[in-house]
$ cat coords_9.cif   # mmCIF, C-alpha atoms and all ligand atoms
data_final
#
loop_
_atom_site.group_PDB
_atom_site.id
_atom_site.type_symbol
_atom_site.label_atom_id
_atom_site.label_comp_id
_atom_site.auth_asym_id
_atom_site.auth_seq_id
_atom_site.Cartn_x
_atom_site.Cartn_y
_atom_site.Cartn_z
ATOM 1 C CA MET A 1 -44.745 26.483 37.333
ATOM 2 C CA SER A 2 -44.338 27.819 33.803
ATOM 3 C CA ALA A 3 -42.346 30.975 33.061
ATOM 4 C CA PRO A 4 -44.406 34.167 33.268
ATOM 5 C CA LYS A 5 -45.931 35.529 30.089
ATOM 6 C CA ILE A 6 -45.132 39.084 31.091
ATOM 7 C CA ARG A 7 -42.621 40.160 33.715
ATOM 8 C CA LEU A 8 -42.081 43.593 35.200
ATOM 9 C CA GLU A 9 -38.956 43.942 37.288
ATOM 10 C CA ALA A 10 -38.559 47.103 39.353
ATOM 11 C CA VAL A 11 -40.174 49.178 36.632
ATOM 12 C CA SER A 12 -40.210 52.917 37.299
ATOM 13 C CA LYS A 13 -41.556 55.702 35.144
ATOM 14 C CA SER A 14 -41.069 59.429 35.559
ATOM 15 C CA PHE A 15 -42.461 62.280 33.536
ATOM 16 C CA ASP A 16 -40.134 65.241 33.883
ATOM 17 C CA ALA A 17 -39.225 65.289 37.557
ATOM 18 C CA SER A 18 -42.263 63.466 38.828
ATOM 19 C CA VAL A 19 -42.183 59.752 39.594
ATOM 20 C CA VAL A 20 -45.442 58.194 38.451
ATOM 21 C CA VAL A 21 -44.661 54.495 38.829
ATOM 22 C CA GLU A 22 -42.068 53.313 41.316
ATOM 23 C CA LYS A 23 -40.258 49.980 41.339
ATOM 24 C CA LEU A 24 -43.174 47.913 40.176
ATOM 25 C CA SER A 25 -42.437 44.194 40.060
ATOM 26 C CA LEU A 26 -45.190 41.958 38.788
ATOM 27 C CA ASP A 27 -45.557 38.739 36.832
ATOM 28 C CA VAL A 28 -48.497 38.008 34.588
ATOM 29 C CA ARG A 29 -48.885 34.272 34.080
ATOM 30 C CA ASP A 30 -49.702 32.659 30.785
ATOM 31 C CA GLY A 31 -53.481 32.434 30.499
ATOM 32 C CA GLU A 32 -54.058 34.546 33.566
ATOM 33 C CA PHE A 33 -56.707 37.213 33.995
ATOM 34 C CA LEU A 34 -54.968 39.904 36.020
ATOM 35 C CA ALA A 35 -56.824 43.008 37.151
ATOM 36 C CA ILE A 36 -55.109 46.191 38.302
ATOM 37 C CA VAL A 37 -57.005 48.539 40.602
ATOM 38 C CA GLY A 38 -55.963 51.742 42.278
ATOM 39 C CA PRO A 39 -57.063 55.327 42.777
ATOM 40 C CA SER A 40 -57.232 57.832 39.950
ATOM 41 C CA GLY A 41 -53.824 59.079 38.883
ATOM 42 C CA CYS A 42 -51.867 56.220 40.460
ATOM 43 C CA GLY A 43 -50.282 55.245 37.156
ATOM 44 C CA LYS A 44 -52.521 52.448 35.834
ATOM 45 C CA THR A 45 -52.730 53.790 32.293
ATOM 46 C CA THR A 46 -48.993 54.450 32.345
ATOM 47 C CA VAL A 47 -48.374 50.794 33.234
ATOM 48 C CA LEU A 48 -50.665 49.649 30.440
ATOM 49 C CA ASN A 49 -48.968 51.945 27.923
ATOM 50 C CA MET A 50 -45.616 50.463 28.864
ATOM 51 C CA LEU A 51 -46.970 46.924 28.434
ATOM 52 C CA ALA A 52 -48.347 47.948 25.052
ATOM 53 C CA GLY A 53 -44.882 49.200 24.101
ATOM 54 C CA LEU A 54 -46.041 52.795 23.699
ATOM 55 C CA GLU A 55 -44.040 54.170 26.624
ATOM 56 C CA LYS A 56 -40.609 53.121 27.802
ATOM 57 C CA PRO A 57 -39.844 52.592 31.487
ATOM 58 C CA SER A 58 -37.393 55.110 32.960
ATOM 59 C CA SER A 59 -35.708 52.191 34.688
ATOM 60 C CA GLY A 60 -36.293 48.499 35.277
ATOM 61 C CA ALA A 61 -37.038 45.696 32.845
ATOM 62 C CA MET A 62 -40.156 44.457 31.074
ATOM 63 C CA THR A 63 -40.283 41.187 29.182
ATOM 64 C CA LEU A 64 -42.834 39.285 27.153
ATOM 65 C CA ASN A 65 -42.133 35.569 26.732
ATOM 66 C CA GLY A 66 -38.679 36.285 28.135
ATOM 67 C CA ARG A 67 -37.841 38.951 25.550
ATOM 68 C CA PRO A 68 -37.649 42.678 26.260
ATOM 69 C CA ILE A 69 -40.715 44.700 25.273
ATOM 70 C CA GLU A 70 -39.398 47.255 22.826
ATOM 71 C CA GLY A 71 -42.535 48.374 21.031
ATOM 72 C CA PRO A 72 -46.067 47.376 20.101
ATOM 73 C CA GLY A 73 -46.758 43.902 18.701
ATOM 74 C CA ALA A 74 -49.642 42.122 16.997
ATOM 75 C CA GLU A 75 -49.884 39.555 19.811
ATOM 76 C CA ARG A 76 -50.987 42.357 22.158
ATOM 77 C CA GLY A 77 -54.374 43.950 21.548
ATOM 78 C CA VAL A 78 -54.976 47.215 23.369
ATOM 79 C CA MET A 79 -58.159 48.948 24.365
ATOM 80 C CA PHE A 80 -57.516 52.499 25.474
ATOM 81 C CA GLN A 81 -59.346 54.427 28.143
ATOM 82 C CA ASP A 82 -60.463 57.070 25.615
ATOM 83 C CA TYR A 83 -61.613 54.447 23.049
ATOM 84 C CA ALA A 84 -59.290 55.815 20.312
ATOM 85 C CA LEU A 85 -61.751 55.106 17.504
ATOM 86 C CA PHE A 86 -61.072 56.226 13.959
ATOM 87 C CA PRO A 87 -63.493 59.118 13.455
ATOM 88 C CA TRP A 88 -63.465 58.711 9.676
ATOM 89 C CA ARG A 89 -64.562 55.070 9.833
ATOM 90 C CA THR A 90 -68.020 53.757 10.570
ATOM 91 C CA VAL A 91 -68.742 51.302 13.379
ATOM 92 C CA ARG A 92 -68.289 48.480 10.874
ATOM 93 C CA GLY A 93 -65.092 50.053 9.548
ATOM 94 C CA ASN A 94 -63.625 50.378 13.032
ATOM 95 C CA VAL A 95 -64.396 46.771 13.961
ATOM 96 C CA GLU A 96 -63.124 45.537 10.595
ATOM 97 C CA PHE A 97 -59.849 47.329 11.193
ATOM 98 C CA GLY A 98 -59.189 45.229 14.302
ATOM 99 C CA LEU A 99 -59.784 42.097 12.320
ATOM 100 C CA VAL A 100 -57.808 42.926 9.203
ATOM 101 C CA TYR A 101 -54.739 44.016 11.151
ATOM 102 C CA GLY A 102 -54.963 41.498 13.975
ATOM 103 C CA PRO A 103 -53.458 38.016 13.873
ATOM 104 C CA ALA A 104 -56.832 36.260 13.639
ATOM 105 C CA GLY A 105 -58.003 38.056 10.520
ATOM 106 C CA GLN A 106 -55.167 36.967 8.291
ATOM 107 C CA ALA A 107 -56.378 33.399 8.047
ATOM 108 C CA LEU A 108 -59.964 34.296 7.123
ATOM 109 C CA SER A 109 -61.583 34.772 3.743
ATOM 110 C CA PRO A 110 -63.300 38.125 3.088
ATOM 111 C CA ALA A 111 -66.684 36.479 3.615
ATOM 112 C CA GLN A 112 -65.606 34.977 6.922
ATOM 113 C CA ARG A 113 -64.230 38.328 8.018
ATOM 114 C CA ALA A 114 -67.452 40.103 7.158
ATOM 115 C CA GLU A 115 -69.382 37.468 9.091
ATOM 116 C CA ARG A 116 -67.175 37.848 12.146
ATOM 117 C CA VAL A 117 -67.421 41.639 12.039
ATOM 118 C CA GLU A 118 -71.214 41.445 12.017
ATOM 119 C CA ARG A 119 -71.230 38.853 14.796
ATOM 120 C CA THR A 120 -68.912 40.917 16.988
ATOM 121 C CA ILE A 121 -70.978 44.064 16.457
ATOM 122 C CA GLU A 122 -74.066 42.129 17.430
ATOM 123 C CA MET A 123 -72.351 40.693 20.493
ATOM 124 C CA VAL A 124 -71.635 44.137 21.935
ATOM 125 C CA GLY A 125 -75.198 45.247 21.219
ATOM 126 C CA LEU A 126 -74.580 47.600 18.309
ATOM 127 C CA LYS A 127 -76.669 45.878 15.690
ATOM 128 C CA GLY A 128 -78.320 48.539 13.557
ATOM 129 C CA SER A 129 -75.526 51.066 14.134
ATOM 130 C CA GLN A 130 -73.000 49.499 11.746
ATOM 131 C CA ASP A 131 -73.001 52.449 9.368
ATOM 132 C CA LYS A 132 -72.800 55.220 11.963
ATOM 133 C CA TYR A 133 -69.680 57.244 12.647
ATOM 134 C CA PRO A 134 -68.218 57.655 16.158
ATOM 135 C CA HIS A 135 -69.479 61.256 16.492
ATOM 136 C CA GLN A 136 -73.028 59.946 16.049
ATOM 137 C CA LEU A 137 -72.706 57.586 19.026
ATOM 138 C CA SER A 138 -73.006 57.995 22.781
ATOM 139 C CA GLY A 139 -69.976 57.438 25.018
ATOM 140 C CA GLY A 140 -71.180 53.983 26.006
ATOM 141 C CA MET A 141 -71.702 53.036 22.364
ATOM 142 C CA ARG A 142 -68.209 54.201 21.467
ATOM 143 C CA GLN A 143 -66.839 52.061 24.220
ATOM 144 C CA ARG A 144 -68.637 49.071 22.754
ATOM 145 C CA VAL A 145 -67.143 49.757 19.345
ATOM 146 C CA ALA A 146 -63.670 49.827 20.866
ATOM 147 C CA LEU A 147 -64.423 46.573 22.657
ATOM 148 C CA ALA A 148 -65.692 44.983 19.452
ATOM 149 C CA ARG A 149 -62.613 46.140 17.568
ATOM 150 C CA LEU A 150 -60.353 44.514 20.122
ATOM 151 C CA MET A 151 -62.394 41.327 20.361
ATOM 152 C CA ALA A 152 -62.689 40.876 16.600
ATOM 153 C CA SER A 153 -58.923 40.553 16.327
ATOM 154 C CA GLU A 154 -58.746 37.883 19.067
ATOM 155 C CA PRO A 155 -55.201 38.707 20.183
ATOM 156 C CA GLU A 156 -53.279 36.368 22.458
ATOM 157 C CA ILE A 157 -52.855 39.113 25.059
ATOM 158 C CA LEU A 158 -55.573 41.644 25.856
ATOM 159 C CA LEU A 159 -54.491 44.916 27.475
ATOM 160 C CA MET A 160 -57.601 46.779 28.575
ATOM 161 C CA ASP A 161 -57.856 50.167 30.247
ATOM 162 C CA GLU A 162 -61.259 50.569 31.944
ATOM 163 C CA PRO A 163 -63.004 49.027 28.960
ATOM 164 C CA LEU A 164 -66.452 48.861 30.544
ATOM 165 C CA ALA A 165 -66.417 52.095 32.541
ATOM 166 C CA ALA A 166 -68.818 54.077 30.356
ATOM 167 C CA LEU A 167 -71.461 51.388 30.106
ATOM 168 C CA ASP A 168 -74.779 51.185 31.913
ATOM 169 C CA ALA A 169 -74.965 48.569 34.659
ATOM 170 C CA GLN A 170 -76.902 45.951 32.653
ATOM 171 C CA THR A 171 -74.677 46.090 29.578
ATOM 172 C CA ARG A 172 -71.691 45.981 31.812
ATOM 173 C CA VAL A 173 -72.764 42.707 33.387
ATOM 174 C CA ILE A 174 -73.469 41.184 29.968
ATOM 175 C CA LEU A 175 -70.084 42.233 28.630
ATOM 176 C CA GLN A 176 -68.274 40.987 31.742
ATOM 177 C CA ASP A 177 -69.757 37.545 31.065
ATOM 178 C CA GLU A 178 -68.893 37.849 27.386
ATOM 179 C CA LEU A 179 -65.349 38.883 28.171
ATOM 180 C CA LEU A 180 -64.838 35.824 30.373
ATOM 181 C CA ARG A 181 -66.133 33.631 27.573
ATOM 182 C CA ILE A 182 -63.720 35.185 25.066
ATOM 183 C CA TRP A 183 -60.866 34.923 27.542
ATOM 184 C CA GLY A 184 -61.614 31.200 27.798
ATOM 185 C CA GLN A 185 -63.168 30.521 31.189
ATOM 186 C CA ASP A 186 -64.912 27.436 29.785
ATOM 187 C CA ARG A 187 -61.699 26.078 28.310
ATOM 188 C CA PRO A 188 -58.742 24.460 30.070
ATOM 189 C CA ALA A 189 -56.344 26.995 31.615
ATOM 190 C CA SER A 190 -53.714 26.169 28.963
ATOM 191 C CA GLU A 191 -55.997 27.474 26.181
ATOM 192 C CA ARG A 192 -56.832 30.814 27.729
ATOM 193 C CA ARG A 193 -55.687 34.219 26.576
ATOM 194 C CA THR A 194 -53.700 36.448 28.901
ATOM 195 C CA VAL A 195 -55.535 39.562 30.083
ATOM 196 C CA VAL A 196 -54.369 42.669 31.916
ATOM 197 C CA PHE A 197 -57.501 44.557 32.869
ATOM 198 C CA ILE A 198 -57.538 47.967 34.496
ATOM 199 C CA THR A 199 -60.596 49.103 36.367
ATOM 200 C CA HIS A 200 -61.794 51.443 39.090
ATOM 201 C CA ALA A 201 -64.558 49.030 39.976
ATOM 202 C CA ILE A 202 -63.489 46.628 42.689
ATOM 203 C CA ASP A 203 -66.452 44.288 42.206
ATOM 204 C CA GLU A 204 -65.621 44.054 38.522
ATOM 205 C CA ALA A 205 -61.993 43.186 39.266
ATOM 206 C CA VAL A 206 -63.062 40.492 41.737
ATOM 207 C CA PHE A 207 -65.655 39.033 39.395
ATOM 208 C CA LEU A 208 -63.302 38.760 36.437
ATOM 209 C CA ALA A 209 -59.803 38.196 37.691
ATOM 210 C CA ASP A 210 -57.598 35.368 38.909
ATOM 211 C CA ARG A 211 -55.570 37.925 40.831
ATOM 212 C CA VAL A 212 -56.062 41.594 41.619
ATOM 213 C CA ALA A 213 -53.022 43.855 41.894
ATOM 214 C CA VAL A 214 -53.754 46.839 44.121
ATOM 215 C CA LEU A 215 -51.657 49.942 43.448
ATOM 216 C CA SER A 216 -51.040 52.775 45.844
ATOM 217 C CA SER A 217 -50.814 56.335 44.609
ATOM 218 C CA HIS A 218 -48.212 59.080 44.252
ATOM 219 C CA PRO A 219 -46.146 57.308 43.138
ATOM 220 C CA GLY A 220 -47.813 54.125 41.953
ATOM 221 C CA ARG A 221 -46.434 51.174 43.855
ATOM 222 C CA LEU A 222 -47.665 47.651 44.259
ATOM 223 C CA LYS A 223 -49.546 47.564 47.528
ATOM 224 C CA GLN A 224 -50.756 43.980 47.461
ATOM 225 C CA ILE A 225 -51.745 41.134 45.166
ATOM 226 C CA VAL A 226 -54.985 39.432 46.134
ATOM 227 C CA ASP A 227 -55.764 35.912 44.919
ATOM 228 C CA ILE A 228 -59.348 35.531 43.778
ATOM 229 C CA ASP A 229 -60.090 31.897 44.415
ATOM 230 C CA LEU A 230 -63.733 31.998 43.298
ATOM 231 C CA PRO A 231 -64.581 28.926 41.214
ATOM 232 C CA ARG A 232 -64.993 29.130 37.435
ATOM 233 C CA PRO A 233 -66.981 29.385 35.317
ATOM 234 C CA ARG A 234 -68.322 32.454 37.079
ATOM 235 C CA GLY A 235 -71.699 34.052 36.568
ATOM 236 C CA ASP A 236 -74.611 35.560 38.453
ATOM 237 C CA GLU A 237 -74.245 32.998 41.212
ATOM 238 C CA THR A 238 -70.718 34.274 41.778
ATOM 239 C CA ARG A 239 -71.979 37.852 41.973
ATOM 240 C CA ARG A 240 -74.438 36.855 44.680
ATOM 241 C CA SER A 241 -72.040 34.790 46.761
ATOM 242 C CA GLY A 242 -70.740 35.696 50.188
ATOM 243 C CA ALA A 243 -67.171 34.950 49.144
ATOM 244 C CA PHE A 244 -67.490 37.531 46.361
ATOM 245 C CA ALA A 245 -68.720 40.182 48.802
ATOM 246 C CA ARG A 246 -65.945 39.397 51.285
ATOM 247 C CA LEU A 247 -63.208 39.658 48.661
ATOM 248 C CA SER A 248 -64.616 42.940 47.352
ATOM 249 C CA GLN A 249 -64.764 44.317 50.868
ATOM 250 C CA SER A 250 -61.184 43.339 51.690
ATOM 251 C CA ILE A 251 -59.875 45.015 48.527
ATOM 252 C CA TRP A 252 -61.942 48.093 49.239
ATOM 253 C CA GLU A 253 -60.338 48.320 52.675
ATOM 254 C CA LEU A 254 -56.920 48.080 51.038
ATOM 255 C CA ILE A 255 -57.517 50.987 48.709
ATOM 256 C CA ARG A 256 -59.829 53.098 50.837
ATOM 257 C CA GLU A 257 -56.966 54.958 52.395
ATOM 258 C CA GLU A 258 -55.328 55.436 49.010
ATOM 259 C CA ALA A 259 -58.557 56.652 47.457
ATOM 260 C CA TYR A 260 -59.046 59.241 50.186
ATOM 261 C CA ARG A 261 -55.473 60.399 49.823
ATOM 262 C CA ALA A 262 -55.881 60.739 46.063
ATOM 263 C CA THR A 263 -59.136 62.701 46.432
ATOM 264 C CA MET A 264 -57.644 65.080 48.963
ATOM 265 C CA ASN A 265 -54.615 65.859 46.791
HETATM 266 N N1 LIG B 1 -47.374 61.867 29.074
HETATM 267 C C1 LIG B 1 -47.399 62.349 30.312
HETATM 268 N N2 LIG B 1 -46.699 63.439 30.649
HETATM 269 C C2 LIG B 1 -46.701 63.916 31.915
HETATM 270 N N3 LIG B 1 -47.399 63.374 32.922
HETATM 271 C C3 LIG B 1 -48.123 62.284 32.659
HETATM 272 C C4 LIG B 1 -48.174 61.704 31.346
HETATM 273 N N4 LIG B 1 -48.964 60.627 31.385
HETATM 274 C C5 LIG B 1 -49.412 60.531 32.664
HETATM 275 N N5 LIG B 1 -48.896 61.517 33.420
HETATM 276 C C6 LIG B 1 -49.158 61.711 34.877
HETATM 277 O O1 LIG B 1 -48.901 60.486 35.518
HETATM 278 C C7 LIG B 1 -49.836 60.247 36.562
HETATM 279 C C8 LIG B 1 -50.494 58.897 36.348
HETATM 280 O O2 LIG B 1 -51.318 58.967 35.191
HETATM 281 P P1 LIG B 1 -52.133 57.723 34.657
HETATM 282 O O3 LIG B 1 -52.910 58.163 33.488
HETATM 283 O O4 LIG B 1 -51.206 56.570 34.451
HETATM 284 O O5 LIG B 1 -53.073 57.406 35.914
HETATM 285 P P2 LIG B 1 -54.312 56.413 36.054
HETATM 286 O O6 LIG B 1 -54.058 55.583 37.260
HETATM 287 O O7 LIG B 1 -54.554 55.724 34.772
HETATM 288 O O8 LIG B 1 -55.524 57.408 36.366
HETATM 289 P P3 LIG B 1 -57.090 57.258 36.016
HETATM 290 O O9 LIG B 1 -57.601 56.221 36.984
HETATM 291 O O10 LIG B 1 -57.656 58.601 36.305
HETATM 292 O O11 LIG B 1 -57.216 56.855 34.590
HETATM 293 C C9 LIG B 1 -50.782 61.428 36.562
HETATM 294 O O12 LIG B 1 -50.386 62.308 37.564
HETATM 295 C C10 LIG B 1 -50.601 62.029 35.180
HETATM 296 O O13 LIG B 1 -50.805 63.424 35.216
HETATM 297 MG MG MG B 2 -56.108 55.754 33.438
#

$ encode --input "coords_9.cif" --output "structure tokens"
Amino acid sequence: MSAPKIRLEAVSKSFDASVVVEKLSLDVRDGEFLAIVGPSGCGKTTVLNMLAGLEKPSSGAMTLNGRPIEGPGAERGVMFQDYALFPWRTVRGNVEFGLVYGPAGQALSPAQRAERVERTIEMVGLKGSQDKYPHQLSGGMRQRVALARLMASEPEILLMDEPLAALDAQTRVILQDELLRIWGQDRPASERRTVVFITHAIDEAVFLADRVAVLSSHPGRLKQIVDIDLPRPRGDETRRSGAFARLSQSIWELIREEAYRATMN
């Protein structure tokens, strides 16, 4: 098997005296869609920030293509939990930013860029809102802008922190399908991007991912990795299948105890 794209070896992270992530060891394979689930506060965002190069582990090692992760890089596109839009830019301006500064945009002419920006905005269902500013949008709309900004840049590695959480159920399903298309579910495994996708929603993790990493809380540790052997391409048929329901149920049982513990704390 090929070397992992991303490797975490006994990664721990503390803030002041409190251990948030403890001895997390995890490989993300090249072209893999990996989902991370776990109760609120278990350290998911902290893990993603470390992968993005925005936080340093307190101990342990993190590598990308065999080299230590020492900071952010253009090959990794990040979508933050709080959207992190530029308030002074319009919807179009925010999406354009992802393209101009991402690896994909460099090769395009201005006309091609403009075309891709419009297409991406349309894809996330924001046609007609191109000239609005973030403060004029609902939470769900802001989340779509952040998604469009990330997708426009087409990075090799997508690091996503609950990217669909604020969306209504219908839009969410549409964007799950769209995300799988962008990831490359219709292409051979060797041509797929690598995705690390954080979510609270177990059914979403099961629908999207090749593997689901379940974290426990206080501190965040790896509880189990579950292989999702549902066939691809996936779609509505997958969502209705018995295998899908069984996998979702087994992951729910894994984190139920953790979720209760986290709620009671
Ligand atoms: N910069 C920081 N300084 C101090 N404590 C922090 C910092 N960032 C995170 N923490 C703490 O680390 C723990 C894990 O936070 P994190 O945001 O990674 O959790 P999470 O799993 O993403 O939660 P949620 O599901 O609610 O988004 C929390 O207890 C949080 O208060
Ligand atoms: Mg979080």

$ residues_around --input "coords_9.cif" --residues "region 215-224 of chain A" --least-positions-apart "6" --cutoff "7 Å" --atoms "all atoms listed in the file" --output "ChimeraX atom specification"
/A:19-24,37-39,42-43,258,262

$ closest_residue --input "coords_9.cif" --among "A:Ala74, A:Ile157, A:Met50, A:Ala213" --to "Lys5 (chain A)" --atoms "all atoms listed in the file"
A:Ile157

$ closest_atom_pairs --input "coords_9.cif" --of "region 118-231 of chain A" --to "region 81-88 of chain A" --cutoff "6 Å" --atoms "all atoms listed in the file" --output "CSV"
residue,atom,partner,partner_atom,distance
A:Pro134,CA,A:Pro87,CA,5.6
A:Gln143,CA,A:Tyr83,CA,5.9
A:Ala146,CA,A:Tyr83,CA,5.5
A:Asp161,CA,A:Gln81,CA,5.0
A:Glu162,CA,A:Gln81,CA,5.7

$ closest_residue --input "coords_9.cif" --among "A:Leu150, A:Gln249, A:Thr171, A:Pro163" --to "Leu126 (chain A)" --atoms "only C-alpha atoms"
A:Thr171

$ closest_atom_pairs --input "coords_9.cif" --of "region 137-229 of chain A" --to "region 104-113 of chain A" --cutoff "9 Å" --atoms "only C-alpha atoms" --output "Markdown table"
| residue | atom | partner | partner_atom | distance |
| --- | --- | --- | --- | --- |
| A:Ala152 | CA | A:Ala104 | CA | 8.0 |
| A:Ser153 | CA | A:Ala104 | CA | 5.5 |
| A:Glu154 | CA | A:Ala104 | CA | 6.0 |
| A:Pro155 | CA | A:Ala104 | CA | 7.2 |

$ axis_aligned_box --input "coords_9.cif" --around "ligand LIG 1 (chain B)" --padding-each-side "8 Å" --output "lines of an AutoDock Vina configuration file"
center_x = -52.2
center_y = 59.7
center_z = 33.3
size_x = 27.0
size_y = 24.3
size_z = 24.5

$ closest_residue --input "coords_9.cif" --among "A:Asp131, A:Asp186, A:Glu96, A:Asp236" --to "Val173 (chain A)" --atoms "all atoms listed in the file"
A:Asp236

$ closest_residue --input "coords_9.cif" --among "A:Gly235, A:Val226, A:Arg142, A:Asp203" --to "Leu179 (chain A)" --atoms "only C-alpha atoms"
A:Gly235

$ atom_distance --input "coords_9.cif" --atom1 "CA of Ile198 (chain A)" --atom2 "atom C2 of ligand LIG 1 (chain B)"
19.5 Å

$ resolve_selection --input "coords_9.cif" --expression "the PyMOL selection byres (((chain A and resi 243) around 12) and not hetatm)" --output "count of residues only"
20

$ atom_distance --input "coords_9.cif" --atom1 "CA of Phe33 (chain A)" --atom2 "CA of Ala169 (chain A)"
21.5 Å

$ resolve_selection --input "coords_9.cif" --expression "the PyMOL selection byres (((chain A and resi 195) around 8) and not hetatm)" --output "ChimeraX atom specification"
/A:31-35,157-160,183,193-194,196-197

$ residues_around --input "coords_9.cif" --residues "Gly128 (chain A)" --least-positions-apart "2" --cutoff "12 Å" --atoms "only C-alpha atoms" --output "PDB file with C-alpha atoms, in the coordinates of the input"
ATOM      1  CA  THR A  90     -68.020  53.757  10.570  1.00  0.00           C
ATOM      2  CA  VAL A  91     -68.742  51.302  13.379  1.00  0.00           C
ATOM      3  CA  ARG A  92     -68.289  48.480  10.874  1.00  0.00           C
ATOM      4  CA  GLU A 118     -71.214  41.445  12.017  1.00  0.00           C
ATOM      5  CA  ILE A 121     -70.978  44.064  16.457  1.00  0.00           C
ATOM      6  CA  GLU A 122     -74.066  42.129  17.430  1.00  0.00           C
ATOM      7  CA  VAL A 124     -71.635  44.137  21.935  1.00  0.00           C
ATOM      8  CA  GLY A 125     -75.198  45.247  21.219  1.00  0.00           C
ATOM      9  CA  LEU A 126     -74.580  47.600  18.309  1.00  0.00           C
ATOM     10  CA  GLN A 130     -73.000  49.499  11.746  1.00  0.00           C
ATOM     11  CA  ASP A 131     -73.001  52.449   9.368  1.00  0.00           C
ATOM     12  CA  LYS A 132     -72.800  55.220  11.963  1.00  0.00           C
ATOM     13  CA  LEU A 137     -72.706  57.586  19.026  1.00  0.00           C
ATOM     14  CA  MET A 141     -71.702  53.036  22.364  1.00  0.00           C
TER      15      MET A 141
END

$ closest_residue --input "coords_9.cif" --among "A:Ile202, A:Val95, A:Ile251, A:Leu8" --to "Leu64 (chain A)" --atoms "all atoms listed in the file"
A:Leu8

$ closest_residue --input "coords_9.cif" --among "A:Ala201, A:Pro233, A:Val78, A:Arg119" --to "ligand LIG 1 (chain B)" --atoms "only C-alpha atoms and all ligand atoms"
A:Ala201

$ atom_distance --input "coords_9.cif" --atom1 "CA of Arg234 (chain A)" --atom2 "CA of Thr120 (chain A)"
21.8 Å

$ resolve_selection --input "coords_9.cif" --expression "the PyMOL selection byres (((chain A and resi 7) around 12) and not hetatm)" --output "list in words"
Ala3, Pro4, Lys5, Ile6, Leu8, Glu9, Ala10, Val11, Leu24, Ser25, Leu26, Asp27, Val28, Arg29, Asp30, Met50, Leu51, Gly60, Ala61, Met62, Thr63, Leu64, Asn65, Gly66, Arg67, Pro68 and Ile69 of chain A

$ write_last_selection --input "coords_9.cif" --atoms "C-alpha atoms" --output "short mmCIF file (atom, residue, chain, number, x, y, z; two decimals), keeping the file's coordinate frame"
data_model
loop_
_atom_site.label_atom_id
_atom_site.label_comp_id
_atom_site.auth_asym_id
_atom_site.auth_seq_id
_atom_site.Cartn_x
_atom_site.Cartn_y
_atom_site.Cartn_z
CA ALA A 3 -42.35 30.98 33.06
CA PRO A 4 -44.41 34.17 33.27
CA LYS A 5 -45.93 35.53 30.09
CA ILE A 6 -45.13 39.08 31.09
CA LEU A 8 -42.08 43.59 35.20
CA GLU A 9 -38.96 43.94 37.29
CA ALA A 10 -38.56 47.10 39.35
CA VAL A 11 -40.17 49.18 36.63
CA LEU A 24 -43.17 47.91 40.18
CA SER A 25 -42.44 44.19 40.06
CA LEU A 26 -45.19 41.96 38.79
CA ASP A 27 -45.56 38.74 36.83
CA VAL A 28 -48.50 38.01 34.59
CA ARG A 29 -48.88 34.27 34.08
CA ASP A 30 -49.70 32.66 30.78
CA MET A 50 -45.62 50.46 28.86
CA LEU A 51 -46.97 46.92 28.43
CA GLY A 60 -36.29 48.50 35.28
CA ALA A 61 -37.04 45.70 32.84
CA MET A 62 -40.16 44.46 31.07
CA THR A 63 -40.28 41.19 29.18
CA LEU A 64 -42.83 39.28 27.15
CA ASN A 65 -42.13 35.57 26.73
CA GLY A 66 -38.68 36.28 28.14
CA ARG A 67 -37.84 38.95 25.55
CA PRO A 68 -37.65 42.68 26.26
CA ILE A 69 -40.72 44.70 25.27
#

$ decode --input "coords_9.cif" --residues "region 226-232 of chain A" --atoms "N, CA, C and O atoms" --output "PDB file, in the first residue's frame"
ATOM      1  N   VAL A 226     -13.800   3.120  11.840  1.00  0.00           N
ATOM      2  CA  VAL A 226     -14.791   2.236  11.235  1.00  0.00           C
ATOM      3  C   VAL A 226     -14.675   2.333   9.713  1.00  0.00           C
ATOM      4  O   VAL A 226     -14.731   3.425   9.137  1.00  0.00           O
ATOM      5  N   ASP A 227     -14.482   1.192   9.069  1.00  0.00           N
ATOM      6  CA  ASP A 227     -14.447   1.148   7.605  1.00  0.00           C
ATOM      7  C   ASP A 227     -15.853   1.238   7.052  1.00  0.00           C
ATOM      8  O   ASP A 227     -16.737   0.507   7.495  1.00  0.00           O
ATOM      9  N   ILE A 228     -16.050   2.127   6.100  1.00  0.00           N
ATOM     10  CA  ILE A 228     -17.366   2.258   5.475  1.00  0.00           C
ATOM     11  C   ILE A 228     -17.279   1.627   4.090  1.00  0.00           C
ATOM     12  O   ILE A 228     -16.808   2.242   3.132  1.00  0.00           O
ATOM     13  N   ASP A 229     -17.717   0.391   4.018  1.00  0.00           N
ATOM     14  CA  ASP A 229     -17.525  -0.357   2.774  1.00  0.00           C
ATOM     15  C   ASP A 229     -18.732  -0.251   1.835  1.00  0.00           C
ATOM     16  O   ASP A 229     -18.983  -1.143   1.033  1.00  0.00           O
ATOM     17  N   LEU A 230     -19.469   0.848   1.927  1.00  0.00           N
ATOM     18  CA  LEU A 230     -20.602   1.035   1.007  1.00  0.00           C
ATOM     19  C   LEU A 230     -20.054   1.321  -0.390  1.00  0.00           C
ATOM     20  O   LEU A 230     -19.089   2.070  -0.532  1.00  0.00           O
ATOM     21  N   PRO A 231     -20.679   0.718  -1.417  1.00  0.00           N
ATOM     22  CA  PRO A 231     -20.149   0.910  -2.772  1.00  0.00           C
ATOM     23  C   PRO A 231     -20.259   2.364  -3.253  1.00  0.00           C
ATOM     24  O   PRO A 231     -21.125   3.110  -2.792  1.00  0.00           O
ATOM     25  N   ARG A 232     -19.385   2.740  -4.158  1.00  0.00           N
ATOM     26  CA  ARG A 232     -19.431   4.050  -4.802  1.00  0.00           C
ATOM     27  C   ARG A 232     -19.653   3.852  -6.286  1.00  0.00           C
ATOM     28  O   ARG A 232     -19.238   2.835  -6.824  1.00  0.00           O
TER      29      ARG A 232
END
